[in-house]
>>> print(open('protein_12.cif').read())   # mmCIF, C-alpha atoms and all ligand atoms; chains and numbers go by the auth columns
data_final
loop_
_atom_site.group_PDB
_atom_site.id
_atom_site.type_symbol
_atom_site.label_atom_id
_atom_site.label_comp_id
_atom_site.label_asym_id
_atom_site.label_seq_id
_atom_site.Cartn_x
_atom_site.Cartn_y
_atom_site.Cartn_z
_atom_site.B_iso_or_equiv
_atom_site.auth_seq_id
_atom_site.auth_asym_id
ATOM 1 C CA MET A 1 -12.222 -2.547 10.784 0.00 12 A
ATOM 2 C CA LYS A 2 -13.591 -3.858 7.516 0.00 13 A
ATOM 3 C CA ILE A 3 -11.016 -3.987 4.793 0.00 14 A
ATOM 4 C CA LYS A 4 -11.785 -4.437 1.121 0.00 15 A
ATOM 5 C CA ILE A 5 -8.918 -4.780 -1.321 0.00 16 A
ATOM 6 C CA LEU A 6 -9.963 -3.111 -4.572 0.00 17 A
ATOM 7 C CA GLY A 7 -6.835 -3.515 -6.684 0.00 18 A
ATOM 8 C CA THR A 8 -3.726 -5.681 -6.458 0.00 19 A
ATOM 9 C CA ARG A 9 -1.779 -5.046 -9.670 0.00 20 A
ATOM 10 C CA GLY A 10 1.516 -3.160 -9.584 0.00 21 A
ATOM 11 C CA GLU A 11 2.843 -0.840 -12.268 0.00 22 A
ATOM 12 C CA ILE A 12 3.119 -3.558 -14.934 0.00 23 A
ATOM 13 C CA GLU A 13 1.436 -4.653 -18.164 0.00 24 A
ATOM 14 C CA GLU A 14 0.558 -8.164 -17.001 0.00 25 A
ATOM 15 C CA SER A 15 -2.960 -8.777 -15.819 0.00 26 A
ATOM 16 C CA ALA A 16 -5.209 -11.600 -14.687 0.00 27 A
ATOM 17 C CA ARG A 17 -8.686 -12.065 -13.368 0.00 28 A
ATOM 18 C CA PHE A 18 -8.769 -10.854 -9.729 0.00 29 A
ATOM 19 C CA HIS A 19 -5.421 -9.109 -10.195 0.00 30 A
ATOM 20 C CA SER A 20 -6.148 -6.473 -12.797 0.00 31 A
ATOM 21 C CA LYS A 21 -6.808 -3.233 -10.956 0.00 32 A
ATOM 22 C CA LYS A 22 -4.095 -0.916 -9.692 0.00 33 A
ATOM 23 C CA SER A 23 -3.664 -0.200 -5.970 0.00 34 A
ATOM 24 C CA GLY A 24 -6.661 0.543 -3.805 0.00 35 A
ATOM 25 C CA VAL A 25 -7.936 -0.504 -0.375 0.00 36 A
ATOM 26 C CA LEU A 26 -11.249 0.552 1.106 0.00 37 A
ATOM 27 C CA LEU A 27 -11.464 0.856 4.857 0.00 38 A
ATOM 28 C CA ASP A 28 -14.889 0.647 6.507 0.00 39 A
ATOM 29 C CA LYS A 29 -16.504 1.767 3.221 0.00 40 A
ATOM 30 C CA LYS A 30 -15.177 5.197 4.078 0.00 41 A
ATOM 31 C CA ILE A 31 -11.457 5.700 3.615 0.00 42 A
ATOM 32 C CA LEU A 32 -9.822 4.897 0.293 0.00 43 A
ATOM 33 C CA LEU A 33 -6.131 4.068 0.604 0.00 44 A
ATOM 34 C CA ASP A 34 -4.483 4.755 -2.754 0.00 45 A
ATOM 35 C CA PHE A 35 -6.356 5.797 -5.852 0.00 46 A
ATOM 36 C CA GLY A 36 -4.976 3.524 -8.575 0.00 47 A
ATOM 37 C CA GLU A 37 -8.211 3.515 -10.585 0.00 48 A
ATOM 38 C CA LYS A 38 -10.746 6.255 -11.139 0.00 49 A
ATOM 39 C CA GLU A 39 -13.534 3.663 -10.842 0.00 50 A
ATOM 40 C CA PHE A 40 -12.799 3.287 -7.111 0.00 51 A
ATOM 41 C CA LEU A 41 -14.995 6.361 -6.675 0.00 52 A
ATOM 42 C CA LYS A 42 -18.035 4.167 -7.276 0.00 53 A
ATOM 43 C CA HIS A 43 -17.572 2.939 -3.685 0.00 54 A
ATOM 44 C CA LYS A 44 -18.257 6.525 -2.590 0.00 55 A
ATOM 45 C CA PRO A 45 -15.343 6.963 -0.166 0.00 56 A
ATOM 46 C CA LYS A 46 -15.501 9.999 2.116 0.00 57 A
ATOM 47 C CA TYR A 47 -11.729 10.452 2.316 0.00 58 A
ATOM 48 C CA ILE A 48 -8.803 9.484 0.090 0.00 59 A
ATOM 49 C CA LEU A 49 -5.304 8.836 1.403 0.00 60 A
ATOM 50 C CA ILE A 50 -2.545 8.426 -1.165 0.00 61 A
ATOM 51 C CA THR A 51 0.820 6.853 -0.281 0.00 62 A
ATOM 52 C CA HIS A 52 2.672 8.556 -3.144 0.00 63 A
ATOM 53 C CA LEU A 53 2.041 10.233 -6.458 0.00 64 A
ATOM 54 C CA HIS A 54 2.998 7.425 -8.818 0.00 65 A
ATOM 55 C CA PRO A 55 0.263 6.656 -11.362 0.00 66 A
ATOM 56 C CA ASP A 56 -0.500 3.169 -10.038 0.00 67 A
ATOM 57 C CA HIS A 57 -1.366 4.784 -6.684 0.00 68 A
ATOM 58 C CA ALA A 58 -2.795 8.069 -7.985 0.00 69 A
ATOM 59 C CA TYR A 59 -4.396 7.368 -11.373 0.00 70 A
ATOM 60 C CA PHE A 60 -4.688 11.061 -12.275 0.00 71 A
ATOM 61 C CA VAL A 61 -0.913 11.463 -12.493 0.00 72 A
ATOM 62 C CA ARG A 62 -0.859 9.195 -15.580 0.00 73 A
ATOM 63 C CA ASN A 63 -2.622 11.522 -18.008 0.00 74 A
ATOM 64 C CA ASN A 64 -2.703 14.603 -15.884 0.00 75 A
ATOM 65 C CA GLU A 65 -6.441 14.214 -15.488 0.00 76 A
ATOM 66 C CA LYS A 66 -8.016 16.160 -12.656 0.00 77 A
ATOM 67 C CA PRO A 67 -10.461 14.205 -10.519 0.00 78 A
ATOM 68 C CA LYS A 68 -13.527 16.378 -10.052 0.00 79 A
ATOM 69 C CA ILE A 69 -14.387 15.429 -6.504 0.00 80 A
ATOM 70 C CA LYS A 70 -15.209 17.323 -3.389 0.00 81 A
ATOM 71 C CA ILE A 71 -13.979 14.799 -0.830 0.00 82 A
ATOM 72 C CA PRO A 72 -10.640 15.476 0.836 0.00 83 A
ATOM 73 C CA ILE A 73 -7.492 13.947 -0.668 0.00 84 A
ATOM 74 C CA TYR A 74 -4.485 13.486 1.601 0.00 85 A
ATOM 75 C CA ALA A 75 -0.984 12.812 0.246 0.00 86 A
ATOM 76 C CA PRO A 76 2.671 13.417 1.170 0.00 87 A
ATOM 77 C CA GLU A 77 2.903 16.369 -1.237 0.00 88 A
ATOM 78 C CA LYS A 78 0.933 18.650 -3.552 0.00 89 A
ATOM 79 C CA TYR A 79 0.126 17.853 -7.142 0.00 90 A
ATOM 80 C CA ASP A 80 -0.497 20.659 -9.584 0.00 91 A
ATOM 81 C CA ASP A 81 -3.413 22.785 -8.472 0.00 92 A
ATOM 82 C CA LEU A 82 -5.317 19.840 -6.998 0.00 93 A
ATOM 83 C CA ASN A 83 -6.613 20.514 -3.528 0.00 94 A
ATOM 84 C CA ILE A 84 -4.432 18.023 -1.661 0.00 95 A
ATOM 85 C CA HIS A 85 -3.950 18.113 2.088 0.00 96 A
ATOM 86 C CA ILE A 86 -0.312 17.381 2.818 0.00 97 A
ATOM 87 C CA ILE A 87 0.171 14.839 5.589 0.00 98 A
ATOM 88 C CA ASN A 88 3.393 15.096 7.500 0.00 99 A
ATOM 89 C CA LYS A 89 2.223 14.458 11.019 0.00 100 A
ATOM 90 C CA LYS A 90 -0.322 12.450 12.968 0.00 101 A
ATOM 91 C CA PHE A 91 -3.916 13.542 12.392 0.00 102 A
ATOM 92 C CA GLU A 92 -7.459 12.310 12.771 0.00 103 A
ATOM 93 C CA ILE A 93 -10.272 11.471 10.394 0.00 104 A
ATOM 94 C CA GLU A 94 -13.429 11.028 12.458 0.00 105 A
ATOM 95 C CA ASP A 95 -12.284 8.527 15.108 0.00 106 A
ATOM 96 C CA TYR A 96 -9.418 7.113 13.066 0.00 107 A
ATOM 97 C CA LYS A 97 -5.925 8.117 14.190 0.00 108 A
ATOM 98 C CA ILE A 98 -3.607 8.277 11.214 0.00 109 A
ATOM 99 C CA THR A 99 0.164 8.482 11.441 0.00 110 A
ATOM 100 C CA PRO A 100 2.186 8.930 8.260 0.00 111 A
ATOM 101 C CA ILE A 101 5.441 6.965 8.277 0.00 112 A
ATOM 102 C CA PRO A 102 7.896 7.950 5.530 0.00 113 A
ATOM 103 C CA THR A 103 9.040 5.095 3.307 0.00 114 A
ATOM 104 C CA ILE A 104 12.159 4.988 1.170 0.00 115 A
ATOM 105 C CA HIS A 105 10.998 4.359 -2.396 0.00 116 A
ATOM 106 C CA SER A 106 11.521 7.131 -4.956 0.00 117 A
ATOM 107 C CA ILE A 107 13.761 10.123 -5.536 0.00 118 A
ATOM 108 C CA LYS A 108 11.167 12.140 -7.415 0.00 119 A
ATOM 109 C CA VAL A 109 8.150 11.696 -5.169 0.00 120 A
ATOM 110 C CA LYS A 110 7.697 11.539 -1.408 0.00 121 A
ATOM 111 C CA SER A 111 6.095 8.399 -0.033 0.00 122 A
ATOM 112 C CA ASN A 112 4.322 7.442 3.173 0.00 123 A
ATOM 113 C CA ALA A 113 3.033 4.320 4.786 0.00 124 A
ATOM 114 C CA TYR A 114 -0.026 4.950 6.955 0.00 125 A
ATOM 115 C CA LEU A 115 -0.526 3.615 10.443 0.00 126 A
ATOM 116 C CA ILE A 116 -4.253 3.611 11.136 0.00 127 A
ATOM 117 C CA GLU A 117 -5.673 3.137 14.633 0.00 128 A
ATOM 118 C CA HIS A 118 -9.354 2.648 15.291 0.00 129 A
ATOM 119 C CA LYS A 119 -11.171 1.068 18.236 0.00 130 A
ATOM 120 C CA ASN A 120 -8.143 -0.776 19.668 0.00 131 A
ATOM 121 C CA LYS A 121 -7.117 -2.077 16.256 0.00 132 A
ATOM 122 C CA LYS A 122 -3.996 -1.032 14.425 0.00 133 A
ATOM 123 C CA ILE A 123 -3.093 -1.582 10.802 0.00 134 A
ATOM 124 C CA LEU A 124 -0.275 -0.442 8.554 0.00 135 A
ATOM 125 C CA TYR A 125 -0.676 0.134 4.814 0.00 136 A
ATOM 126 C CA THR A 126 2.596 0.725 3.013 0.00 137 A
ATOM 127 C CA GLY A 127 2.323 1.314 -0.736 0.00 138 A
ATOM 128 C CA ASP A 128 5.748 0.896 -2.381 0.00 139 A
ATOM 129 C CA MET A 129 8.974 0.740 -0.414 0.00 140 A
ATOM 130 C CA ILE A 130 12.551 -0.288 0.085 0.00 141 A
ATOM 131 C CA TRP A 131 12.743 0.414 3.780 0.00 142 A
ATOM 132 C CA ILE A 132 11.353 2.313 6.743 0.00 143 A
ATOM 133 C CA GLU A 133 14.004 4.103 8.765 0.00 144 A
ATOM 134 C CA LYS A 134 14.781 2.632 12.197 0.00 145 A
ATOM 135 C CA LYS A 135 13.685 5.784 13.989 0.00 146 A
ATOM 136 C CA TYR A 136 10.080 4.990 13.001 0.00 147 A
ATOM 137 C CA HIS A 137 10.077 1.317 13.999 0.00 148 A
ATOM 138 C CA HIS A 138 8.765 2.058 17.494 0.00 149 A
ATOM 139 C CA LEU A 139 5.485 3.078 15.807 0.00 150 A
ATOM 140 C CA LEU A 140 5.045 -0.386 14.334 0.00 151 A
ATOM 141 C CA LYS A 141 4.383 -2.296 17.554 0.00 152 A
ATOM 142 C CA ASN A 142 1.497 -4.771 17.884 0.00 153 A
ATOM 143 C CA LEU A 143 -0.094 -4.340 14.504 0.00 154 A
ATOM 144 C CA ASN A 144 -3.215 -6.417 13.848 0.00 155 A
ATOM 145 C CA LEU A 145 -2.455 -6.355 10.136 0.00 156 A
ATOM 146 C CA ILE A 146 0.086 -5.075 7.643 0.00 157 A
ATOM 147 C CA ILE A 147 -0.857 -4.569 3.998 0.00 158 A
ATOM 148 C CA THR A 148 2.179 -4.256 1.780 0.00 159 A
ATOM 149 C CA GLU A 149 3.547 -4.620 -1.723 0.00 160 A
ATOM 150 C CA SER A 150 5.003 -7.542 -3.687 0.00 161 A
ATOM 151 C CA SER A 151 6.714 -6.060 -6.721 0.00 162 A
ATOM 152 C CA TYR A 152 9.720 -8.379 -6.404 0.00 163 A
ATOM 153 C CA LYS A 153 9.898 -11.961 -5.258 0.00 164 A
ATOM 154 C CA ARG A 154 13.655 -12.121 -4.954 0.00 165 A
ATOM 155 C CA LYS A 155 15.628 -11.096 -1.918 0.00 166 A
ATOM 156 C CA GLY A 156 16.857 -7.532 -2.350 0.00 167 A
ATOM 157 C CA GLY A 157 14.157 -6.658 -4.885 0.00 168 A
ATOM 158 C CA MET A 158 15.220 -3.957 -7.317 0.00 169 A
ATOM 159 C CA VAL A 159 17.118 -1.194 -5.613 0.00 170 A
ATOM 160 C CA ARG A 160 19.044 1.362 -7.625 0.00 171 A
ATOM 161 C CA ARG A 161 21.217 4.293 -6.672 0.00 172 A
ATOM 162 C CA SER A 162 21.183 7.792 -8.119 0.00 173 A
ATOM 163 C CA LYS A 163 24.358 9.731 -8.977 0.00 174 A
ATOM 164 C CA ALA A 164 23.846 11.610 -5.746 0.00 175 A
ATOM 165 C CA GLY A 165 23.861 8.320 -3.852 0.00 176 A
ATOM 166 C CA GLN A 166 20.147 8.108 -3.024 0.00 177 A
ATOM 167 C CA ILE A 167 18.521 4.707 -3.311 0.00 178 A
ATOM 168 C CA PHE A 168 15.193 4.086 -5.006 0.00 179 A
ATOM 169 C CA GLY A 169 13.033 1.145 -6.068 0.00 180 A
ATOM 170 C CA HIS A 170 11.424 -1.743 -4.227 0.00 181 A
ATOM 171 C CA THR A 171 12.782 -4.293 -1.820 0.00 182 A
ATOM 172 C CA GLY A 172 11.949 -8.005 -2.124 0.00 183 A
ATOM 173 C CA ILE A 173 9.201 -9.937 -0.382 0.00 184 A
ATOM 174 C CA PRO A 174 11.661 -11.848 1.880 0.00 185 A
ATOM 175 C CA ASN A 175 13.034 -8.503 3.097 0.00 186 A
ATOM 176 C CA LEU A 176 9.555 -7.166 3.820 0.00 187 A
ATOM 177 C CA ILE A 177 8.787 -10.257 5.854 0.00 188 A
ATOM 178 C CA ASN A 178 12.016 -9.861 7.808 0.00 189 A
ATOM 179 C CA LEU A 179 11.202 -6.251 8.542 0.00 190 A
ATOM 180 C CA PHE A 180 7.562 -6.795 9.490 0.00 191 A
ATOM 181 C CA LYS A 181 7.411 -10.172 11.217 0.00 192 A
ATOM 182 C CA ASP A 182 8.384 -8.731 14.606 0.00 193 A
ATOM 183 C CA TYR A 183 5.439 -6.330 14.472 0.00 194 A
ATOM 184 C CA THR A 184 2.525 -8.440 13.278 0.00 195 A
ATOM 185 C CA ASP A 185 1.389 -11.989 12.674 0.00 196 A
ATOM 186 C CA LYS A 186 -0.774 -11.164 9.663 0.00 197 A
ATOM 187 C CA ILE A 187 0.302 -9.685 6.317 0.00 198 A
ATOM 188 C CA ILE A 188 -1.710 -9.114 3.157 0.00 199 A
ATOM 189 C CA PHE A 189 0.444 -8.889 0.049 0.00 200 A
ATOM 190 C CA MET A 190 -0.782 -6.915 -2.961 0.00 201 A
ATOM 191 C CA HIS A 191 0.721 -4.691 -5.732 0.00 202 A
ATOM 192 C CA PHE A 192 2.021 -7.744 -7.567 0.00 203 A
ATOM 193 C CA GLY A 193 4.950 -7.543 -9.950 0.00 204 A
ATOM 194 C CA ALA A 194 5.324 -9.392 -13.244 0.00 205 A
ATOM 195 C CA TRP A 195 6.778 -12.454 -11.472 0.00 206 A
ATOM 196 C CA PHE A 196 3.394 -13.190 -9.859 0.00 207 A
ATOM 197 C CA TYR A 197 1.522 -13.504 -13.166 0.00 208 A
ATOM 198 C CA LYS A 198 3.846 -16.078 -14.756 0.00 209 A
ATOM 199 C CA ASP A 199 2.174 -18.871 -12.843 0.00 210 A
ATOM 200 C CA ILE A 200 -0.270 -17.622 -10.244 0.00 211 A
ATOM 201 C CA ARG A 201 -0.685 -21.030 -8.620 0.00 212 A
ATOM 202 C CA LYS A 202 3.064 -21.336 -8.099 0.00 213 A
ATOM 203 C CA SER A 203 3.176 -17.769 -6.819 0.00 214 A
ATOM 204 C CA LYS A 204 0.561 -18.628 -4.208 0.00 215 A
ATOM 205 C CA ASP A 205 2.626 -21.672 -3.206 0.00 216 A
ATOM 206 C CA PHE A 206 5.611 -19.371 -2.751 0.00 217 A
ATOM 207 C CA PHE A 207 3.627 -17.302 -0.245 0.00 218 A
ATOM 208 C CA LYS A 208 2.387 -20.450 1.493 0.00 219 A
ATOM 209 C CA LYS A 209 5.957 -21.598 2.017 0.00 220 A
ATOM 210 C CA LEU A 210 6.988 -18.213 3.412 0.00 221 A
ATOM 211 C CA SER A 211 4.003 -18.319 5.717 0.00 222 A
ATOM 212 C CA GLN A 212 5.060 -21.697 7.142 0.00 223 A
ATOM 213 C CA GLU A 213 8.735 -20.790 7.414 0.00 224 A
ATOM 214 C CA ASN A 214 8.006 -17.588 9.277 0.00 225 A
ATOM 215 C CA ASN A 215 5.047 -18.741 11.316 0.00 226 A
ATOM 216 C CA LEU A 216 2.987 -15.873 9.921 0.00 227 A
ATOM 217 C CA GLU A 217 -0.458 -15.662 8.425 0.00 228 A
ATOM 218 C CA ILE A 218 0.072 -14.497 4.863 0.00 229 A
ATOM 219 C CA ILE A 219 -2.920 -13.548 2.759 0.00 230 A
ATOM 220 C CA VAL A 220 -2.460 -13.261 -0.996 0.00 231 A
ATOM 221 C CA GLY A 221 -4.526 -10.236 -1.922 0.00 232 A
ATOM 222 C CA TYR A 222 -6.954 -10.179 -4.825 0.00 233 A
ATOM 223 C CA ASP A 223 -9.281 -7.582 -6.306 0.00 234 A
ATOM 224 C CA GLY A 224 -12.403 -7.812 -4.153 0.00 235 A
ATOM 225 C CA LEU A 225 -10.912 -9.541 -1.084 0.00 236 A
ATOM 226 C CA GLU A 226 -12.727 -8.572 2.095 0.00 237 A
ATOM 227 C CA ILE A 227 -11.504 -9.194 5.620 0.00 238 A
ATOM 228 C CA LYS A 228 -12.458 -7.971 9.037 0.00 239 A
ATOM 229 C CA ILE A 229 -10.043 -7.380 11.877 0.00 240 A
HETATM 230 ZN ZN ZN B . 5.804 3.800 -6.587 0.00 301 B
HETATM 231 ZN ZN ZN B . 3.456 1.141 -7.189 0.00 302 B
#
>>> encode(input="protein_12.cif", output="structure tokens")
Amino acid sequence: MKIKILGTRGEIEESARFHSKKSGVLLDKKILLDFGEKEFLKHKPKYILITHLHPDHAYFVRNNEKPKIKIPIYAPEKYDDLNIHIINKKFEIEDYKITPIPTIHSIKVKSNAYLIEHKNKKILYTGDMIWIEKKYHHLLKNLNLIITESSYKRKGGMVRRSKAGQIFGHTGIPNLINLFKDYTDKIIFMHFGAWFYKDIRKSKDFFKKLSQENNLEIIVGYDGLEIKI
């Protein structure tokens, strides 16, 4: 699979060259994972898969703009009168097998990670998250690559609790590594939080250290990064 990272900025004001676009990943020039910027359409994807309906992953939620496109959009839930196909079980796009895996992230919107299998390769793209319930971990075996978020550098991230006791927010990068390191040896981090922009060189060193400590290949995503697996 050919993977092109289109946008690596989280839902923050900060910006920098190569880290200015909101979430988007293009798979084999065909499947767009997350739709953080309208301009991603210039790549002419044939299918769009959205992890959740927050504006940095679905640009049209921000100003209630309706994308006028004919290609199918898949997401965990409907939005307004947009023609969205709800994904709640394994399905296929051409010869790609796609399994939605619910992530814990928000109270207001549903969120999925997507496990994508194609020609003996398996990747996981997560969007935003605190955690994936244990009952889904069996799906995560032998992943060639995980692409995940980096909103918070610190352990524990930013997790809050509603009055009803539900948790929401983002976990920290160390927690994501602990969760994922048993299932892959390669992780691309994207969706950077404000911490990353304070000193990008130092932020890259932080990832380098984690990579050595965990014996993992860690790739710091940037807008335009292309890799093949
Ligand atoms: Zn979100
Ligand atoms: Zn986000």
>>> atom_distance(input="protein_12.cif", atom1="CA of Tyr107 (chain A)", atom2="CA of Val36 (chain A)")
15.5 Å
>>> residues_near_ligand(input="protein_12.cif", ligand="ligand ZN 302 (chain B)", cutoff="8 Å", atoms="only C-alpha atoms and all ligand atoms", output="VMD selection string")
chain A and resid 21 to 22 34 65 to 68 138 to 139 160 162 202
>>> residues_around(input="protein_12.cif", residues="Lys32 (chain A)", least_positions_apart="2", cutoff="9 Å", atoms="all atoms listed in the file", output="list in words")
Leu17, Gly18, Thr19, Arg20, Gly21, Ser26, Phe29, His30, Ser34, Gly35, Gly47, Glu48 and Asp234 of chain A
>>> residues_around(input="protein_12.cif", residues="Lys197 (chain A)", least_positions_apart="2", cutoff="9 Å", atoms="all atoms listed in the file", output="list in words")
Leu154, Asn155, Leu156, Ile157, Ile158, Lys192, Thr195, Ile199, Leu227, Glu228, Ile229 and Ile230 of chain A
>>> residues_around(input="protein_12.cif", residues="Ser214 (chain A)", least_positions_apart="6", cutoff="10 Å", atoms="all atoms listed in the file", output="VMD selection string")
chain A and resid 164 206 to 208 231
>>> atom_distance(input="protein_12.cif", atom1="CA of Ile115 (chain A)", atom2="CA of Ser222 (chain A)")
25.1 Å
>>> resolve_selection(input="protein_12.cif", expression="the PyMOL selection byres (((chain A and resi 120) around 9) and not hetatm)", output="VMD selection string")
chain A and resid 63 to 65 87 to 88 116 to 119 121 to 122
>>> write_last_selection(input="protein_12.cif", atoms="C-alpha atoms", output="mmCIF file, in the frame of the given file")
data_model
loop_
_atom_site.group_PDB
_atom_site.id
_atom_site.type_symbol
_atom_site.label_atom_id
_atom_site.label_comp_id
_atom_site.auth_asym_id
_atom_site.auth_seq_id
_atom_site.Cartn_x
_atom_site.Cartn_y
_atom_site.Cartn_z
ATOM 1 C CA HIS A 63 2.672 8.556 -3.144
ATOM 2 C CA LEU A 64 2.041 10.233 -6.458
ATOM 3 C CA HIS A 65 2.998 7.425 -8.818
ATOM 4 C CA PRO A 87 2.671 13.417 1.170
ATOM 5 C CA GLU A 88 2.903 16.369 -1.237
ATOM 6 C CA HIS A 116 10.998 4.359 -2.396
ATOM 7 C CA SER A 117 11.521 7.131 -4.956
ATOM 8 C CA ILE A 118 13.761 10.123 -5.536
ATOM 9 C CA LYS A 119 11.167 12.140 -7.415
ATOM 10 C CA LYS A 121 7.697 11.539 -1.408
ATOM 11 C CA SER A 122 6.095 8.399 -0.033
#
>>> closest_residue(input="protein_12.cif", among="A:Lys15, A:Val72, A:Ile127, A:Leu93", to="Glu105 (chain A)", atoms="only C-alpha atoms")
A:Ile127
>>> atom_distance(input="protein_12.cif", atom1="CA of Gly232 (chain A)", atom2="CA of Phe102 (chain A)")
27.8 Å
>>> resolve_selection(input="protein_12.cif", expression="the PyMOL selection byres (((chain A and resi 44) around 10) and not hetatm)", output="number ranges by chain")
A: 16-17, 34-38, 41-43, 45-47, 56, 58-62, 68, 85, 125, 136-138
>>> closest_residue(input="protein_12.cif", among="A:Lys13, A:Arg73, A:Arg171, A:Lys55", to="Leu236 (chain A)", atoms="all atoms listed in the file")
A:Lys13
>>> resolve_selection(input="protein_12.cif", expression="the PyMOL selection byres (((chain A and resi 91) around 12) and not hetatm)", output="list of chain:residue names")
A:Leu64, A:Phe71, A:Val72, A:Asn75, A:Glu76, A:Lys77, A:Pro78, A:Glu88, A:Lys89, A:Tyr90, A:Asp92, A:Leu93, A:Asn94, A:Ile95
>>> closest_residue(input="protein_12.cif", among="A:Tyr194, A:Tyr233, A:Phe200, A:Tyr70", to="ligand ZN 301 (chain B)", atoms="all atoms listed in the file")
A:Tyr70
>>> closest_residue(input="protein_12.cif", among="A:His96, A:Lys215, A:His181, A:Lys239", to="ligand ZN 301 (chain B)", atoms="only C-alpha atoms and all ligand atoms")
A:His181
>>> closest_residue(input="protein_12.cif", among="A:Ile112, A:Ile98, A:Ile104, A:Leu52", to="Lys81 (chain A)", atoms="only C-alpha atoms")
A:Leu52
>>> closest_residue(input="protein_12.cif", among="A:Thr110, A:Asn153, A:Thr182, A:Asn131", to="ligand ZN 301 (chain B)", atoms="all atoms listed in the file")
A:Thr182
>>> residues_around(input="protein_12.cif", residues="Pro185 (chain A)", least_positions_apart="5", cutoff="8 Å", atoms="all atoms listed in the file", output="PyMOL selection string")
chain A and resi 164-167
>>> build_atoms(input="protein_12.cif", residues="region 110-126 of chain A", atoms="N, CA and C atoms", output="PDB file, in the frame of the given file")
ATOM      1  N   THR A 110      -1.212   8.015  11.309  1.00  0.00           N
ATOM      2  CA  THR A 110       0.164   8.482  11.441  1.00  0.00           C
ATOM      3  C   THR A 110       0.905   8.174  10.150  1.00  0.00           C
ATOM      4  N   PRO A 111       1.394   9.199   9.454  1.00  0.00           N
ATOM      5  CA  PRO A 111       2.186   8.930   8.260  1.00  0.00           C
ATOM      6  C   PRO A 111       3.592   8.473   8.668  1.00  0.00           C
ATOM      7  N   ILE A 112       4.081   7.445   8.008  1.00  0.00           N
ATOM      8  CA  ILE A 112       5.441   6.965   8.277  1.00  0.00           C
ATOM      9  C   ILE A 112       6.184   6.991   6.943  1.00  0.00           C
ATOM     10  N   PRO A 113       7.201   7.843   6.825  1.00  0.00           N
ATOM     11  CA  PRO A 113       7.896   7.950   5.530  1.00  0.00           C
ATOM     12  C   PRO A 113       8.515   6.613   5.116  1.00  0.00           C
ATOM     13  N   THR A 114       8.392   6.302   3.837  1.00  0.00           N
ATOM     14  CA  THR A 114       9.040   5.095   3.307  1.00  0.00           C
ATOM     15  C   THR A 114      10.095   5.534   2.299  1.00  0.00           C
ATOM     16  N   ILE A 115      11.131   4.719   2.183  1.00  0.00           N
ATOM     17  CA  ILE A 115      12.159   4.988   1.170  1.00  0.00           C
ATOM     18  C   ILE A 115      11.721   4.264  -0.089  1.00  0.00           C
ATOM     19  N   HIS A 116      11.503   4.991  -1.180  1.00  0.00           N
ATOM     20  CA  HIS A 116      10.998   4.359  -2.396  1.00  0.00           C
ATOM     21  C   HIS A 116      11.450   5.074  -3.668  1.00  0.00           C
ATOM     22  N   SER A 117      11.287   6.398  -3.710  1.00  0.00           N
ATOM     23  CA  SER A 117      11.521   7.131  -4.956  1.00  0.00           C
ATOM     24  C   SER A 117      12.337   8.382  -4.672  1.00  0.00           C
ATOM     25  N   ILE A 118      13.018   8.873  -5.699  1.00  0.00           N
ATOM     26  CA  ILE A 118      13.761  10.123  -5.536  1.00  0.00           C
ATOM     27  C   ILE A 118      12.857  11.294  -5.901  1.00  0.00           C
ATOM     28  N   LYS A 119      11.984  11.038  -6.870  1.00  0.00           N
ATOM     29  CA  LYS A 119      11.167  12.140  -7.415  1.00  0.00           C
ATOM     30  C   LYS A 119       9.926  12.447  -6.592  1.00  0.00           C
ATOM     31  N   VAL A 120       9.351  11.434  -5.968  1.00  0.00           N
ATOM     32  CA  VAL A 120       8.150  11.696  -5.169  1.00  0.00           C
ATOM     33  C   VAL A 120       8.366  11.270  -3.717  1.00  0.00           C
ATOM     34  N   LYS A 121       7.659  11.932  -2.823  1.00  0.00           N
ATOM     35  CA  LYS A 121       7.697  11.539  -1.408  1.00  0.00           C
ATOM     36  C   LYS A 121       6.721  10.395  -1.200  1.00  0.00           C
ATOM     37  N   SER A 122       7.020   9.511  -0.261  1.00  0.00           N
ATOM     38  CA  SER A 122       6.095   8.399  -0.033  1.00  0.00           C
ATOM     39  C   SER A 122       5.905   8.136   1.455  1.00  0.00           C
ATOM     40  N   ASN A 123       4.683   7.772   1.794  1.00  0.00           N
ATOM     41  CA  ASN A 123       4.322   7.442   3.173  1.00  0.00           C
ATOM     42  C   ASN A 123       3.712   6.055   3.245  1.00  0.00           C
ATOM     43  N   ALA A 124       3.942   5.398   4.377  1.00  0.00           N
ATOM     44  CA  ALA A 124       3.033   4.320   4.786  1.00  0.00           C
ATOM     45  C   ALA A 124       2.073   4.981   5.769  1.00  0.00           C
ATOM     46  N   TYR A 125       0.908   4.371   5.986  1.00  0.00           N
ATOM     47  CA  TYR A 125      -0.026   4.950   6.955  1.00  0.00           C
ATOM     48  C   TYR A 125      -0.346   3.944   8.054  1.00  0.00           C
ATOM     49  N   LEU A 126      -0.122   4.388   9.277  1.00  0.00           N
ATOM     50  CA  LEU A 126      -0.526   3.615  10.443  1.00  0.00           C
ATOM     51  C   LEU A 126      -1.917   4.112  10.819  1.00  0.00           C
TER      52      LEU A 126
END
